[in-house]
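Q: Got a structure here, written out as structure tokens. Questions coming.
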Amino acid sequence: MDLSTEDLVAALAVTSGQQPDDIAEIVELVRKAEPNFAATLFSAWQAEGIELSPTLREEVDEISGRIEFYRSVAARLLAEVGSLTTIKGLEVGALYPPGLVRYQSDLDFITFSEPDLWRAVSLLTGDGWTADTATFSYLGGRLRMVISVRKPSENPFRSAYQVELATYYTLGNQGGIPPIIEMPDRWLRPPVKNTIMLLHERYEQKYRARDVVDAALLHRSMSEADRRALQDAIVSLNLVLAYSELIKLINAAGLGPLAPLPGGLLTTAKAAVTRAARGTSFFTRPVSGAGRHLQRRLMMAKPSRAEGVLWDLVQRRLHPASAIRAGLLGFGLRVTGPRSDETVAVLRERGEHGWVDTPAGRFLLTIGDYVSETAVEDLSVGEGNSNEVNRDEVGDLTA
């Protein structure tokens with residue numbers, strides 16, 4: 001699929017709700033509405049023979065260098081850690097026409113082998129990266145994780161390089177959209193897998209111009225079997241509403257046409273009912289359900305003032321280890337260096353503190369933005385006594 005600057009500006013216009021009149025307004029709009037889309041737009045101008053200003057040309061060159069660096073990192077990890085698979089970023093970027101640059105802030109990998117995850121982390125930290133933060137959750141009766149590893153950029157004014165390694169695909173939205181631990185083979189083709197991940201991101205933020213372009217390119221790269229597999233995934237995962245919104249944007253930008261799902265309004269209506277039914281778990285487990293609801297609202301930046309006040313109280317009272325076992329997401333702050341005595345992640349608790357010991361270090365747990373200074377001090381030194389809670393049977397949060 002060819003992409004012109006007109007295509008890119010159209011995608012920017014439909015997602016921002018603004019229609020720029022000239023090149024200066026386009027630059028101003030992309031800087032304001034979607035800065036990470038700027039290099040793509042500038043590189044498209046460059047590919048069409050438009051001479052860029054030194055500032056814009058430097059930006060394109062810098063982002064191009066960032067992507068090349070990520071390619072070299074991915075090539076090494078994929079060669080040395082056999083179970084790793086990539087998602088999004090580089091796979092989607094390869095669909096862009098030659099000369100066009102797709103910005104990406106990080107590299108994402110999935111593995112279902114925890115030893116391989118820690119091997120990948122070790123390879124990176126041995127090359128100057130730092131295990132930074134982590135998130136932990138119970139899915140399928142097991143502790144699952146995402147580990148974020150960072151390395152400073154050569155340009156101190158640019159974001160650090162970042163690699164995220166996970167043992168599952170997505171948590172869903174902690175409501176009507178279910179998590180995905182593993183995918184069936186028919187969903188694993190890159191166009192299908194990456195479209196599924198893109199649709200899930202709608203529950204974190206609104207669609208952006210890059211999402212519209214990515215989805216159009218992914219769709220054009222699909223076989224008929226891929227399209228059938230995607231339709232199956234969309235219905236099975238209750239992503240109908242997110243998909244319907246996305247194809248409207250793609251078609252409005254002139255990057256289609258993409259047809260609606262078979263069944264049209266009936267399929268959409270059934271999806272809404274299914275989401276509501278899945279949301280009734282809020283009432284069957286009111287304490288853990290309320291906690292998940294408040295945490296989801298906080299993560300999506302949509303809490304009301306009252307919810308914000310209530311969440312501040314809740315996160316201070318819920319024990320982080322118990323909350324994770326009940327289905328909330330635990331955020332890990334690393335407080336020690338690598339631990340040679342650990343081979344897998346182990347969830348532990350002592351008193352009011354919860355943490356996860358891993359080969360990459362000890363991560364103090366919180367379920368929100370409150371972190372106790374006492375906990376940091378206590379867990380940064382010594383082992384103390386703890387209760388290991390990394391068991392397969394997940395307990396319910398009842399108090």
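Naming works like this for the structure tokens: A, B, ... for the chains as they're shown, residue 1 at the start of each chain, ligands 1 onward in shown order.
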Among segment 39-252 of chain A, which residues carry a DSSP assignment of strand (DSSP E), reported as a count of residues only?

A: 33

Q: To test your reading of the structure, identify every residue in segment 53-122 of chain A that backbone DSSP assigns to alpha helix (DSSP H), and report it as number ranges by chain.

A: A: 54-80, 89-93, 114-122

Q: What does the distance from atom CA of Asn238 of chain A to atom CA of Pro178 of chain A come to in Å, to one decimal?

A: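 Answer for the atom CA of Asn238 of chain A to atom CA of Pro178 of chain A separation: 7.8 Å.
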
Q: I'd like to know which of A:Val192, A:Ile110, A:Ala225, A:Val27 is closest to Val146 of chain A, using only C-alpha atoms.

A: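 Of the candidates, the smallest distance to Val146 of chain A is held by A:Ile110.
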
Q: Excluding Arg208 of chain A and any residue of its chain fewer than 3 positions from it, enumerate the residues within 10 Å of it, using only C-alpha atoms, and give them as a ChimeraX atom specification.

A: /A:11-12,14-16,33-34,36-37,202,205,211-214,246,249

Q: Store the residues picked out above in a file with all heavy atoms, as a short mmCIF file (atom, residue, chain, number, x, y, z; two decimals), in the first residue's frame.

A:
```
data_model
loop_
_atom_site.label_atom_id
_atom_site.label_comp_id
_atom_site.auth_asym_id
_atom_site.auth_seq_id
_atom_site.Cartn_x
_atom_site.Cartn_y
_atom_site.Cartn_z
N ALA A 11 -5.46 11.13 7.98
CA ALA A 11 -5.55 10.36 9.23
C ALA A 11 -5.41 11.27 10.44
O ALA A 11 -6.13 11.12 11.44
CB ALA A 11 -4.47 9.28 9.24
N LEU A 12 -4.51 12.24 10.35
CA LEU A 12 -4.32 13.19 11.44
C LEU A 12 -5.58 14.04 11.64
O LEU A 12 -5.98 14.33 12.77
CB LEU A 12 -3.11 14.08 11.15
CG LEU A 12 -2.71 15.11 12.20
CD1 LEU A 12 -2.32 14.43 13.51
CD2 LEU A 12 -1.57 15.99 11.67
N VAL A 14 -8.79 13.28 10.88
CA VAL A 14 -9.96 12.58 11.42
C VAL A 14 -9.79 12.24 12.91
O VAL A 14 -10.78 12.16 13.64
CB VAL A 14 -10.30 11.29 10.62
CG1 VAL A 14 -10.62 11.64 9.18
CG2 VAL A 14 -9.19 10.26 10.71
N THR A 15 -8.57 12.03 13.35
CA THR A 15 -8.37 11.70 14.77
C THR A 15 -8.26 12.94 15.65
O THR A 15 -8.59 12.89 16.83
CB THR A 15 -7.10 10.84 14.96
OG1 THR A 15 -5.98 11.49 14.36
CG2 THR A 15 -7.29 9.46 14.34
N SER A 16 -7.81 14.06 15.08
CA SER A 16 -7.68 15.30 15.86
C SER A 16 -8.92 16.17 15.78
O SER A 16 -9.13 17.04 16.63
CB SER A 16 -6.46 16.11 15.38
OG SER A 16 -6.69 16.61 14.06
N ALA A 33 -0.97 17.65 18.42
CA ALA A 33 -1.93 16.56 18.58
C ALA A 33 -1.27 15.19 18.71
O ALA A 33 -1.74 14.33 19.46
CB ALA A 33 -2.91 16.54 17.40
N GLU A 34 -0.20 14.96 17.99
CA GLU A 34 0.42 13.63 18.00
C GLU A 34 1.91 13.72 17.63
O GLU A 34 2.31 13.40 16.51
CB GLU A 34 -0.30 12.68 17.05
CG GLU A 34 0.08 11.23 17.23
CD GLU A 34 -0.75 10.30 16.37
OE1 GLU A 34 -1.91 10.63 16.05
OE2 GLU A 34 -0.22 9.24 16.00
N ASN A 36 4.47 11.92 18.13
CA ASN A 36 5.13 10.70 17.66
C ASN A 36 4.79 10.36 16.21
O ASN A 36 5.39 9.45 15.63
CB ASN A 36 4.77 9.52 18.56
CG ASN A 36 5.42 9.61 19.92
OD1 ASN A 36 6.35 10.39 20.13
ND2 ASN A 36 4.92 8.85 20.87
N PHE A 37 3.84 11.08 15.64
CA PHE A 37 3.49 10.88 14.22
C PHE A 37 4.27 11.84 13.32
O PHE A 37 4.23 11.71 12.09
CB PHE A 37 1.99 11.10 14.05
CG PHE A 37 1.41 10.63 12.75
CD1 PHE A 37 1.53 9.31 12.34
CD2 PHE A 37 0.71 11.51 11.92
CE1 PHE A 37 0.99 8.88 11.14
CE2 PHE A 37 0.15 11.09 10.73
CZ PHE A 37 0.29 9.77 10.33
N ARG A 202 -7.11 0.50 22.45
CA ARG A 202 -8.19 1.50 22.49
C ARG A 202 -8.71 1.68 23.91
O ARG A 202 -9.24 2.76 24.26
CB ARG A 202 -9.34 1.05 21.56
CG ARG A 202 -10.58 1.95 21.63
CD ARG A 202 -10.24 3.38 21.21
NE ARG A 202 -11.37 4.28 21.35
CZ ARG A 202 -11.68 4.92 22.46
NH1 ARG A 202 -10.92 4.76 23.57
NH2 ARG A 202 -12.71 5.73 22.49
N GLN A 205 -6.30 4.35 25.49
CA GLN A 205 -6.32 5.71 24.95
C GLN A 205 -7.14 5.73 23.66
O GLN A 205 -7.42 4.70 23.07
CB GLN A 205 -4.90 6.19 24.65
CG GLN A 205 -4.18 5.32 23.64
CD GLN A 205 -2.72 5.68 23.48
OE1 GLN A 205 -2.23 6.63 24.09
NE2 GLN A 205 -2.00 4.93 22.67
N ASP A 211 -2.39 4.87 14.66
CA ASP A 211 -3.22 3.66 14.76
C ASP A 211 -4.03 3.45 13.48
O ASP A 211 -4.17 2.33 13.01
CB ASP A 211 -4.17 3.76 15.96
CG ASP A 211 -3.45 3.90 17.28
OD1 ASP A 211 -2.37 3.29 17.42
OD2 ASP A 211 -3.96 4.61 18.16
N VAL A 212 -4.58 4.53 12.95
CA VAL A 212 -5.39 4.45 11.74
C VAL A 212 -4.53 3.96 10.57
O VAL A 212 -4.93 3.07 9.81
CB VAL A 212 -6.03 5.81 11.43
CG1 VAL A 212 -6.69 5.82 10.05
CG2 VAL A 212 -7.04 6.18 12.51
N VAL A 213 -3.33 4.53 10.43
CA VAL A 213 -2.44 4.13 9.34
C VAL A 213 -1.96 2.69 9.55
O VAL A 213 -1.96 1.88 8.61
CB VAL A 213 -1.24 5.09 9.24
CG1 VAL A 213 -0.22 4.59 8.21
CG2 VAL A 213 -1.72 6.49 8.87
N ASP A 214 -1.57 2.35 10.78
CA ASP A 214 -1.12 0.98 11.08
C ASP A 214 -2.21 -0.03 10.71
O ASP A 214 -1.94 -1.05 10.06
CB ASP A 214 -0.80 0.83 12.57
CG ASP A 214 0.51 1.48 12.97
OD1 ASP A 214 1.24 1.97 12.09
OD2 ASP A 214 0.79 1.49 14.19
N LEU A 246 -12.75 1.85 14.80
CA LEU A 246 -11.53 1.98 14.01
C LEU A 246 -11.81 2.01 12.51
O LEU A 246 -11.24 2.83 11.78
CB LEU A 246 -10.58 0.83 14.36
CG LEU A 246 -9.23 0.81 13.63
CD1 LEU A 246 -8.45 2.09 13.91
CD2 LEU A 246 -8.42 -0.41 14.05
N LEU A 249 -12.93 5.34 11.22
CA LEU A 249 -11.85 6.31 11.08
C LEU A 249 -11.02 6.03 9.83
O LEU A 249 -10.65 6.95 9.09
CB LEU A 249 -10.95 6.28 12.32
CG LEU A 249 -11.57 6.78 13.63
CD1 LEU A 249 -10.64 6.50 14.80
CD2 LEU A 249 -11.88 8.27 13.54
#
```

Q: Which one of A:Ile324, A:Ile247, A:Val30, A:Val346 sits closest to Ala259 of chain A if you count only C-alpha atoms?

A: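 Of A:Ile324, A:Ile247, A:Val30, A:Val346, the one nearest Ala259 of chain A is A:Ile247, counting only C-alpha atoms.
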
Q: Go through A:Gly368, A:Pro257, A:Gly172, A:Pro156 one by one, measure the shortest atom-to-atom distance of each to Leu198 of chain A using only C-alpha atoms, and give the residue with the smallest value.

A: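 Counting only C-alpha atoms, the residue closest to Leu198 of chain A is A:Gly172.
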
Q: Name the closest residue to Asp22 of chain A among the candidates A:Val9, A:Ile63, A:Leu347, A:Ala242; distances are taken between atoms, counting only C-alpha atoms.

A: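 Smallest separation from Asp22 of chain A among the options: A:Val9.
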